Structure formats: C-alpha cells, structure tokens
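Chemist: Here you go, input.cif (mmCIF, C-alpha atoms):
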data_upload
loop_
_atom_site.group_PDB
_atom_site.id
_atom_site.type_symbol
_atom_site.label_atom_id
_atom_site.label_comp_id
_atom_site.auth_asym_id
_atom_site.auth_seq_id
_atom_site.Cartn_x
_atom_site.Cartn_y
_atom_site.Cartn_z
ATOM 1 C CA MET A 1 10.087 -391.739 86.216
ATOM 2 C CA SER A 2 12.105 -390.128 83.472
ATOM 3 C CA ASN A 3 11.466 -387.080 81.324
ATOM 4 C CA ALA A 4 12.650 -386.554 77.755
ATOM 5 C CA ILE A 5 11.997 -384.201 74.866
ATOM 6 C CA GLU A 6 11.075 -385.905 71.614
ATOM 7 C CA ILE A 7 11.733 -384.053 68.361
ATOM 8 C CA GLU A 8 11.136 -385.962 65.153
ATOM 9 C CA ALA A 9 10.168 -385.581 61.526
ATOM 10 C CA LYS A 10 7.795 -388.183 60.098
ATOM 11 C CA ALA A 11 6.577 -389.274 56.685
ATOM 12 C CA LEU A 12 4.053 -391.882 55.639
ATOM 13 C CA VAL A 13 5.239 -393.992 52.726
ATOM 14 C CA GLY A 14 3.664 -396.695 50.603
ATOM 15 C CA PRO A 15 4.374 -400.417 50.914
ATOM 16 C CA ALA A 16 6.874 -400.465 48.010
ATOM 17 C CA ASP A 17 8.818 -397.521 49.461
ATOM 18 C CA TYR A 18 8.783 -399.189 52.875
ATOM 19 C CA GLU A 19 10.287 -402.330 51.315
ATOM 20 C CA LYS A 20 12.907 -400.213 49.533
ATOM 21 C CA LEU A 21 13.970 -398.583 52.804
ATOM 22 C CA ARG A 22 13.826 -401.889 54.638
ATOM 23 C CA SER A 23 16.168 -403.451 52.069
ATOM 24 C CA LEU A 24 18.617 -400.533 52.402
ATOM 25 C CA TYR A 25 18.899 -401.293 56.122
ATOM 26 C CA ARG A 26 18.462 -405.066 56.038
ATOM 27 C CA ASP A 27 21.408 -405.567 58.398
ATOM 28 C CA TYR A 28 19.455 -403.925 61.212
ATOM 29 C CA PRO A 29 17.078 -406.276 63.036
ATOM 30 C CA SER A 30 13.409 -405.551 63.430
ATOM 31 C CA TYR A 31 11.433 -405.850 66.619
ATOM 32 C CA THR A 32 7.761 -405.637 67.505
ATOM 33 C CA GLN A 33 6.089 -403.386 70.032
ATOM 34 C CA THR A 34 2.451 -402.745 70.845
ATOM 35 C CA ASN A 35 1.160 -399.360 71.964
ATOM 36 C CA TYR A 36 -2.040 -399.331 74.014
ATOM 37 C CA TYR A 37 -3.614 -395.876 73.786
ATOM 38 C CA VAL A 38 -5.400 -394.539 76.834
ATOM 39 C CA ASP A 39 -8.101 -391.872 77.189
ATOM 40 C CA ASP A 40 -11.501 -391.402 78.785
ATOM 41 C CA ASP A 41 -14.821 -391.851 76.983
ATOM 42 C CA SER A 42 -14.939 -388.169 75.951
ATOM 43 C CA PHE A 43 -11.326 -388.288 74.663
ATOM 44 C CA LEU A 44 -10.378 -385.480 77.040
ATOM 45 C CA LEU A 45 -6.632 -386.141 76.825
ATOM 46 C CA ARG A 46 -6.719 -385.945 73.045
ATOM 47 C CA LYS A 47 -8.744 -382.718 73.154
ATOM 48 C CA GLU A 48 -6.120 -381.234 75.490
ATOM 49 C CA GLY A 49 -3.290 -382.233 73.123
ATOM 50 C CA PHE A 50 -1.966 -385.040 75.350
ATOM 51 C CA ALA A 51 -1.215 -388.612 74.379
ATOM 52 C CA LEU A 52 -1.068 -391.413 76.931
ATOM 53 C CA ARG A 53 0.095 -394.886 76.040
ATOM 54 C CA VAL A 54 1.404 -398.075 77.523
ATOM 55 C CA ARG A 55 4.028 -399.718 75.311
ATOM 56 C CA GLU A 56 4.682 -403.446 75.548
ATOM 57 C CA LYS A 57 8.017 -404.486 74.092
ATOM 58 C CA GLU A 58 9.655 -407.832 74.764
ATOM 59 C CA GLY A 59 7.524 -408.417 77.867
ATOM 60 C CA LEU A 60 8.313 -405.009 79.384
ATOM 61 C CA TYR A 61 5.703 -402.288 79.896
ATOM 62 C CA GLU A 62 6.264 -398.542 79.896
ATOM 63 C CA MET A 63 3.667 -395.815 80.292
ATOM 64 C CA THR A 64 4.385 -392.564 78.457
ATOM 65 C CA LEU A 65 2.519 -389.279 78.732
ATOM 66 C CA LYS A 66 3.309 -386.888 75.884
ATOM 67 C CA THR A 67 2.542 -383.190 76.291
ATOM 68 C CA PRO A 68 3.143 -380.580 73.583
ATOM 69 C CA LEU A 69 6.027 -378.100 73.686
ATOM 70 C CA SER A 70 6.780 -375.263 71.278
ATOM 71 C CA GLN A 71 9.125 -377.673 69.453
ATOM 72 C CA GLY A 72 8.561 -381.362 70.072
ATOM 73 C CA LEU A 73 6.904 -383.165 72.946
ATOM 74 C CA LEU A 74 7.709 -383.545 76.609
ATOM 75 C CA GLU A 75 7.592 -387.225 77.497
ATOM 76 C CA LYS A 76 7.069 -388.493 81.025
ATOM 77 C CA ASN A 77 7.845 -392.211 81.299
ATOM 78 C CA CYS A 78 7.463 -394.842 83.979
ATOM 79 C CA THR A 79 7.948 -398.597 83.937
ATOM 80 C CA TRP A 80 5.087 -400.933 84.786
ATOM 81 C CA SER A 81 5.090 -404.580 85.750
ATOM 82 C CA LYS A 82 2.941 -407.001 83.788
ATOM 83 C CA ALA A 83 0.653 -407.263 86.837
ATOM 84 C CA THR A 84 0.263 -403.461 86.918
ATOM 85 C CA PHE A 85 -0.618 -403.446 83.220
ATOM 86 C CA GLU A 86 -3.134 -406.258 83.653
ATOM 87 C CA ALA A 87 -4.775 -404.526 86.636
ATOM 88 C CA PHE A 88 -5.144 -401.371 84.562
ATOM 89 C CA GLU A 89 -6.326 -403.237 81.458
ATOM 90 C CA LYS A 90 -8.896 -405.398 83.261
ATOM 91 C CA ASP A 91 -9.986 -403.270 86.202
ATOM 92 C CA GLY A 92 -8.972 -399.691 85.345
ATOM 93 C CA ILE A 93 -6.601 -399.449 88.319
ATOM 94 C CA PHE A 94 -4.300 -396.548 87.447
ATOM 95 C CA PRO A 95 -1.021 -396.992 89.352
ATOM 96 C CA ASP A 96 0.314 -394.412 91.760
ATOM 97 C CA GLY A 97 3.307 -392.385 90.611
ATOM 98 C CA ASP A 98 4.396 -389.179 88.927
ATOM 99 C CA ILE A 99 2.148 -389.547 85.869
ATOM 100 C CA LYS A 100 -0.922 -390.071 88.075
ATOM 101 C CA ARG A 101 0.054 -387.053 90.214
ATOM 102 C CA PHE A 102 0.608 -384.919 87.102
ATOM 103 C CA LEU A 103 -2.750 -385.860 85.561
ATOM 104 C CA THR A 104 -4.530 -385.350 88.886
ATOM 105 C CA MET A 105 -2.975 -381.863 89.194
ATOM 106 C CA LEU A 106 -4.631 -381.103 85.840
ATOM 107 C CA ASP A 107 -8.000 -382.260 87.229
ATOM 108 C CA ILE A 108 -8.055 -385.344 85.016
ATOM 109 C CA ASP A 109 -10.016 -388.198 86.574
ATOM 110 C CA VAL A 110 -7.579 -391.103 86.223
ATOM 111 C CA SER A 111 -10.268 -393.561 87.321
ATOM 112 C CA ALA A 112 -12.058 -392.827 84.010
ATOM 113 C CA LEU A 113 -9.030 -393.630 81.853
ATOM 114 C CA ARG A 114 -9.134 -396.869 79.854
ATOM 115 C CA ILE A 115 -7.322 -398.496 76.960
ATOM 116 C CA LYS A 116 -9.236 -397.356 73.882
ATOM 117 C CA THR A 117 -7.270 -399.104 71.112
ATOM 118 C CA SER A 118 -3.876 -400.517 70.247
ATOM 119 C CA LEU A 119 -1.352 -400.305 67.441
ATOM 120 C CA THR A 120 1.364 -402.871 66.766
ATOM 121 C CA THR A 121 4.568 -401.744 65.091
ATOM 122 C CA CYS A 122 7.251 -403.804 63.421
ATOM 123 C CA ARG A 123 10.196 -401.390 63.717
ATOM 124 C CA VAL A 124 13.762 -401.112 62.534
ATOM 125 C CA ASP A 125 15.968 -398.529 64.285
ATOM 126 C CA VAL A 126 19.039 -397.210 62.482
ATOM 127 C CA PRO A 127 21.606 -394.720 63.773
ATOM 128 C CA TYR A 128 21.482 -391.970 61.141
ATOM 129 C CA LEU A 129 23.713 -388.902 61.177
ATOM 130 C CA ASN A 130 23.362 -387.695 64.763
ATOM 131 C CA GLY A 131 19.857 -389.039 65.192
ATOM 132 C CA LYS A 132 17.798 -392.197 65.005
ATOM 133 C CA LEU A 133 15.904 -393.356 61.927
ATOM 134 C CA SER A 134 12.916 -395.629 62.545
ATOM 135 C CA ILE A 135 11.252 -397.555 59.731
ATOM 136 C CA ASP A 136 7.813 -398.741 60.850
ATOM 137 C CA LYS A 137 5.043 -401.022 59.639
ATOM 138 C CA ASN A 138 1.955 -400.264 61.772
ATOM 139 C CA ASP A 139 -1.126 -402.452 62.167
ATOM 140 C CA TYR A 140 -4.271 -401.156 63.891
ATOM 141 C CA SER A 141 -8.025 -401.643 63.537
ATOM 142 C CA GLY A 142 -7.591 -403.809 60.439
ATOM 143 C CA LYS A 143 -5.388 -401.216 58.705
ATOM 144 C CA THR A 144 -1.692 -401.181 57.858
ATOM 145 C CA ASP A 145 0.410 -398.098 57.227
ATOM 146 C CA TYR A 146 4.110 -397.451 56.819
ATOM 147 C CA GLU A 147 5.959 -394.603 58.478
ATOM 148 C CA VAL A 148 9.517 -393.310 58.560
ATOM 149 C CA GLU A 149 10.639 -391.182 61.523
ATOM 150 C CA LEU A 150 13.876 -389.324 62.103
ATOM 151 C CA GLU A 151 14.454 -388.336 65.710
ATOM 152 C CA PHE A 152 16.902 -385.450 65.950
ATOM 153 C CA ASN A 153 17.886 -382.615 68.271
ATOM 154 C CA ASN A 154 15.917 -379.987 66.316
ATOM 155 C CA LEU A 155 12.945 -380.108 63.988
ATOM 156 C CA ARG A 156 14.466 -378.172 61.086
ATOM 157 C CA ASP A 157 17.394 -380.581 60.723
ATOM 158 C CA ALA A 158 15.176 -383.614 61.302
ATOM 159 C CA GLU A 159 12.891 -382.560 58.434
ATOM 160 C CA SER A 160 15.780 -381.591 56.152
ATOM 161 C CA ASN A 161 17.701 -384.829 56.735
ATOM 162 C CA LEU A 162 14.614 -387.041 56.355
ATOM 163 C CA LYS A 163 13.651 -385.263 53.134
ATOM 164 C CA GLU A 164 17.179 -385.700 51.767
ATOM 165 C CA LEU A 165 17.261 -389.410 52.667
ATOM 166 C CA LEU A 166 13.904 -390.139 51.067
ATOM 167 C CA GLU A 167 14.468 -388.109 47.915
ATOM 168 C CA LYS A 168 17.944 -389.643 47.460
ATOM 169 C CA ASN A 169 16.155 -393.001 47.310
ATOM 170 C CA GLY A 170 13.411 -391.876 44.921
ATOM 171 C CA ILE A 171 10.766 -391.517 47.614
ATOM 172 C CA ALA A 172 8.644 -388.368 47.804
ATOM 173 C CA TYR A 173 8.885 -386.581 51.146
ATOM 174 C CA VAL A 174 5.403 -385.788 52.351
ATOM 175 C CA PRO A 175 5.589 -384.677 55.994
ATOM 176 C CA ASN A 176 3.219 -386.517 58.296
ATOM 177 C CA LYS A 177 1.913 -384.444 61.192
ATOM 178 C CA LYS A 178 -0.664 -387.020 62.279
ATOM 179 C CA THR A 179 0.682 -389.137 65.117
ATOM 180 C CA LYS A 180 0.217 -392.870 65.523
ATOM 181 C CA VAL A 181 -2.150 -392.281 68.435
ATOM 182 C CA ALA A 182 -4.264 -389.887 66.335
ATOM 183 C CA ARG A 183 -4.457 -392.349 63.442
ATOM 184 C CA ALA A 184 -5.362 -395.239 65.742
ATOM 185 C CA LEU A 185 -7.988 -393.248 67.666
ATOM 186 C CA ASP A 186 -9.506 -391.891 64.452
ATOM 187 C CA GLU A 187 -10.195 -395.468 63.331
ATOM 188 C CA ILE A 188 -12.250 -396.265 66.417
ATOM 189 C CA LYS A 189 -14.096 -392.943 66.516
ATOM 190 C CA GLY A 190 -15.420 -393.498 63.008
#
Write the structure described by the file as structure tokens, please.

Modeler:
Amino acid sequence: MSNAIEIEAKALVGPADYEKLRSLYRDYPSYTQTNYYVDDDSFLLRKEGFALRVREKEGLYEMTLKTPLSQGLLEKNCTWSKATFEAFEKDGIFPDGDIKRFLTMLDIDVSALRIKTSLTTCRVDVPYLNGKLSIDKNDYSGKTDYEVELEFNNLRDAESNLKELLEKNGIAYVPNKKTKVARALDEIKG
C-alpha cells in the first residue's frame, strides 16, 4: 500500500472550452479510466468525508481511500487483481490489507460496502509548470461533464496557476469544489 497527499485545484468547463483546451494539448494522448465508487447503503463514508473508489485503467485495478486533511486529501492506495475486483463487485468480498484494517479501526463494516455507481473519464495529462494538468471528459449516470484539474504542491499556487491558464485562453475560472465522487453519487441519490 502507498500513501500520498493530493492537492489540486479544479474547474468545470463547458464542452466548447474543453475542446479548446484539448486542441491546445493535442500532442498529449488521452486514455480512459473508470472509477467505481464504494459506500454502504446509508452512505456512511460520504457522511464522514471519505471517498472510496476502485479505478480500472488499462486492465489494472487500484483501490484508493481518500480522507480529508487541512489542505488536500490523504490517499491510501492498494493494487487489486481482476479476480479481487470481481469478487468484490459480485460478492462483496472486501480484500484483506491496510485499507480494510484502517476502515475496521474506524468501526466501518466493510462487509456492507458495495459499488454504488461508476464514472468513466477520458483524460489527458500534461506536465504543467511544476504540477500536472488533467483535462477530463466524465460520463456517469447518463450525464457528461468536463473538468480541468491542476495538481500542485500547494492549493494557493494550484488555484492561481489554473486560473491564469484558463483566463489566458478566454475561459472563465470558476472553482469546482464538488468532487467526481460527489457528483456521481448525487446522480444516484436523486
């Protein structure tokens, strides 16, 4: 298992602005990943400010638990096999490991956790300044949205640099504080 701190600024943009950004970085290839969002029937993890997902990218599976910090999120990651993913998806078998131990220490019943929804992203990653710019087209529950993220070592610079990039290209910077998992779960909760 690995741990990381994620600090990023995000903005939702419209389809035309997405295409504008995509054309600026057309030399960078896109790839597709699907996030499967996990919670129990009462959405306990969400209520506690946690996000739990399994990401499938190019046939590889990685579970990530995100917990809030004062600036950014602490991410705990572990790799799953396809068989592990399928056992969890079909039968609710949560694999042993550090994430299971961590959730159990918090009195979260891992046997009640299930995949609630998924979101598929077509993403382009671009090295930008000293960070990483991601240009995303997201599809979930019959909806499509477009998001730009700038991962950086501190939030102030991430926001400032993303705002500058967007405004330089005639795109309004409207910070997006609603995560992909929140948007996807909101669609199924009605």

Chemist: What residues come out when you apply the PyMOL selection byres ((chain A and resi 78) around 12) to this file, written as a VMD selection string?

Modeler: chain A and resid 1 to 4 52 to 55 60 to 65 75 to 77 79 to 81 84 to 85 95 to 100

Chemist: Can you pull out every residue within 12 Å of Thr179 in chain A, counting all atoms listed in the file, but drop anything in the same chain fewer than 3 positions away, and send it as a count of residues only?

Modeler: 25

Chemist: How many Å separate CA of Gly92 in chain A from CA of Thr34 in chain A?

Modeler: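 Result for CA of Gly92 in chain A versus CA of Thr34 in chain A: 18.7 Å, one decimal.
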
Chemist: Report the distance between CA of Glu187 in chain A and CA of Lys116 in chain A in Å, rounded to one decimal place.

Modeler: 10.8 Å

Chemist: Rounded to one decimal, what separation in Å do you get between CA of Lys143 in chain A and CA of Thr117 in chain A?

Modeler: 12.7 Å

Chemist: Can you tell me, as a ChimeraX atom specification, what residues are no more than 10 Å from Ile171 in chain A when counting only C-alpha atoms, ignoring any on the same chain fewer than 2 positions away?

Modeler: /A:13-14,16-18,20-21,163-169,173-174

Chemist: Let me know the residues the PyMOL selection byres ((chain A and resi 71) around 9) catches in the file above, as a list of chain:residue names.

Modeler: A:Ile5, A:Glu6, A:Ile7, A:Pro68, A:Leu69, A:Ser70, A:Gly72, A:Leu73, A:Asn154, A:Leu155

Chemist: Box time for range 89-92 of chain A: axis-aligned, enclosing all its listed atoms, 3 Å extra on each side; report centre and edge lengths in Å to one decimal, as AutoDock Vina command-line options.

Modeler:
--center_x -8.2 --center_y -402.5 --center_z 83.8 --size_x 9.7 --size_y 11.7 --size_z 10.7

Chemist: Could you tell me which of A:Ser30, A:Asn35, A:Ser42, A:Asn130 comes closest to Asp109 in chain A if we count all atoms listed in the file?

Modeler: A:Ser42

Chemist: Could you tell me which of A:Leu150, A:Glu89, A:Ile108, A:Thr121 comes closest to Leu44 in chain A if we count all atoms listed in the file?

Modeler: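 Of A:Leu150, A:Glu89, A:Ile108, A:Thr121, the one nearest Leu44 in chain A is A:Ile108, counting all atoms listed in the file.
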
Chemist: So that I can check the surroundings of Gly131 in chain A, please list as a list in words every protein, DNA and RNA residue that reaches within 7 Å of it, counting only C-alpha atoms and ignoring chain neighbours fewer than 2 positions away.

Modeler: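 So, after excluding close chain neighbours, the residues are Pro127, Tyr128, Leu129, Leu133, Leu150, Glu151 and Phe152 of chain A.
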
Chemist: Give me the result of the PyMOL selection byres ((chain A and resi 114) around 7) on this file, residue by residue, as a PyMOL selection string.

Modeler: chain A and resi 38-40+92+112-113+115-116

Chemist: For Thr67 in chain A, which residue out of A:Ala172, A:Leu24, A:Leu103, A:Ala87 is the nearest one, using only C-alpha atoms?

Modeler: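 So, comparing all the options, the nearest one is A:Leu103.
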
Chemist: Taking only C-alpha atoms into account, which of A:Asp139, A:Glu159, A:Glu48, A:Glu86 comes nearest Thr32 in chain A?

Modeler: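 Closest to Thr32 in chain A, using only C-alpha atoms: A:Asp139.
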
Chemist: Between A:Ile93, A:Val124, A:Leu45, A:Met105, which residue has the minimum interatomic distance to Gln33 in chain A, considering all atoms listed in the file?

Modeler: A:Val124

Chemist: Generate the coordinates of N, CA and C atoms for range 55-83 of chain A; report them as a short mmCIF file (atom, residue, chain, number, x, y, z; two decimals), in the coordinates of the input.

Modeler:
data_model
loop_
_atom_site.label_atom_id
_atom_site.label_comp_id
_atom_site.auth_asym_id
_atom_site.auth_seq_id
_atom_site.Cartn_x
_atom_site.Cartn_y
_atom_site.Cartn_z
N ARG A 55 3.33 -398.97 76.36
CA ARG A 55 4.03 -399.72 75.31
C ARG A 55 4.52 -401.03 75.89
N GLU A 56 4.17 -402.12 75.19
CA GLU A 56 4.68 -403.45 75.55
C GLU A 56 5.71 -403.83 74.50
N LYS A 57 6.92 -404.09 74.98
CA LYS A 57 8.02 -404.49 74.09
C LYS A 57 8.83 -405.54 74.82
N GLU A 58 8.88 -406.73 74.22
CA GLU A 58 9.65 -407.83 74.76
C GLU A 58 9.29 -408.12 76.23
N GLY A 59 8.00 -408.09 76.53
CA GLY A 59 7.52 -408.42 77.87
C GLY A 59 7.68 -407.32 78.89
N LEU A 60 8.17 -406.15 78.48
CA LEU A 60 8.31 -405.01 79.38
C LEU A 60 7.24 -403.98 79.05
N TYR A 61 6.78 -403.26 80.07
CA TYR A 61 5.70 -402.29 79.90
C TYR A 61 6.18 -400.92 80.36
N GLU A 62 5.90 -399.91 79.53
CA GLU A 62 6.26 -398.54 79.90
C GLU A 62 5.11 -397.62 79.56
N MET A 63 4.68 -396.83 80.54
CA MET A 63 3.67 -395.82 80.29
C MET A 63 4.37 -394.52 79.93
N THR A 64 3.84 -393.84 78.90
CA THR A 64 4.38 -392.56 78.46
C THR A 64 3.25 -391.57 78.31
N LEU A 65 3.42 -390.41 78.93
CA LEU A 65 2.52 -389.28 78.73
C LEU A 65 3.27 -388.26 77.90
N LYS A 66 2.69 -387.88 76.76
CA LYS A 66 3.31 -386.89 75.88
C LYS A 66 2.49 -385.61 75.96
N THR A 67 3.19 -384.50 76.24
CA THR A 67 2.54 -383.19 76.29
C THR A 67 3.27 -382.27 75.32
N PRO A 68 2.52 -381.41 74.61
CA PRO A 68 3.14 -380.58 73.58
C PRO A 68 4.04 -379.48 74.16
N LEU A 69 5.13 -379.23 73.43
CA LEU A 69 6.03 -378.10 73.69
C LEU A 69 6.05 -377.24 72.43
N SER A 70 6.72 -376.11 72.47
CA SER A 70 6.78 -375.26 71.28
C SER A 70 7.49 -375.99 70.13
N GLN A 71 8.47 -376.84 70.46
CA GLN A 71 9.12 -377.67 69.45
C GLN A 71 9.28 -379.06 70.06
N GLY A 72 8.50 -380.00 69.57
CA GLY A 72 8.56 -381.36 70.07
C GLY A 72 7.56 -381.63 71.18
N LEU A 73 7.81 -382.71 71.88
CA LEU A 73 6.90 -383.16 72.95
C LEU A 73 7.71 -383.47 74.20
N LEU A 74 7.13 -383.13 75.34
CA LEU A 74 7.71 -383.54 76.61
C LEU A 74 7.13 -384.91 76.91
N GLU A 75 8.01 -385.88 77.16
CA GLU A 75 7.59 -387.22 77.50
C GLU A 75 7.89 -387.50 78.96
N LYS A 76 6.90 -388.00 79.67
CA LYS A 76 7.07 -388.49 81.03
C LYS A 76 6.88 -390.00 80.94
N ASN A 77 7.85 -390.76 81.43
CA ASN A 77 7.84 -392.21 81.30
C ASN A 77 7.95 -392.88 82.66
N CYS A 78 7.26 -394.00 82.79
CA CYS A 78 7.46 -394.84 83.98
C CYS A 78 7.26 -396.30 83.57
N THR A 79 7.99 -397.17 84.23
CA THR A 79 7.95 -398.60 83.94
C THR A 79 6.84 -399.25 84.76
N TRP A 80 6.13 -400.17 84.12
CA TRP A 80 5.09 -400.93 84.79
C TRP A 80 5.47 -402.41 84.79
N SER A 81 4.98 -403.12 85.77
CA SER A 81 5.09 -404.58 85.75
C SER A 81 3.94 -405.12 84.89
N LYS A 82 4.04 -406.37 84.53
CA LYS A 82 2.94 -407.00 83.79
C LYS A 82 1.67 -407.02 84.64
N ALA A 83 1.82 -407.25 85.93
CA ALA A 83 0.65 -407.26 86.84
C ALA A 83 -0.01 -405.89 86.91
#
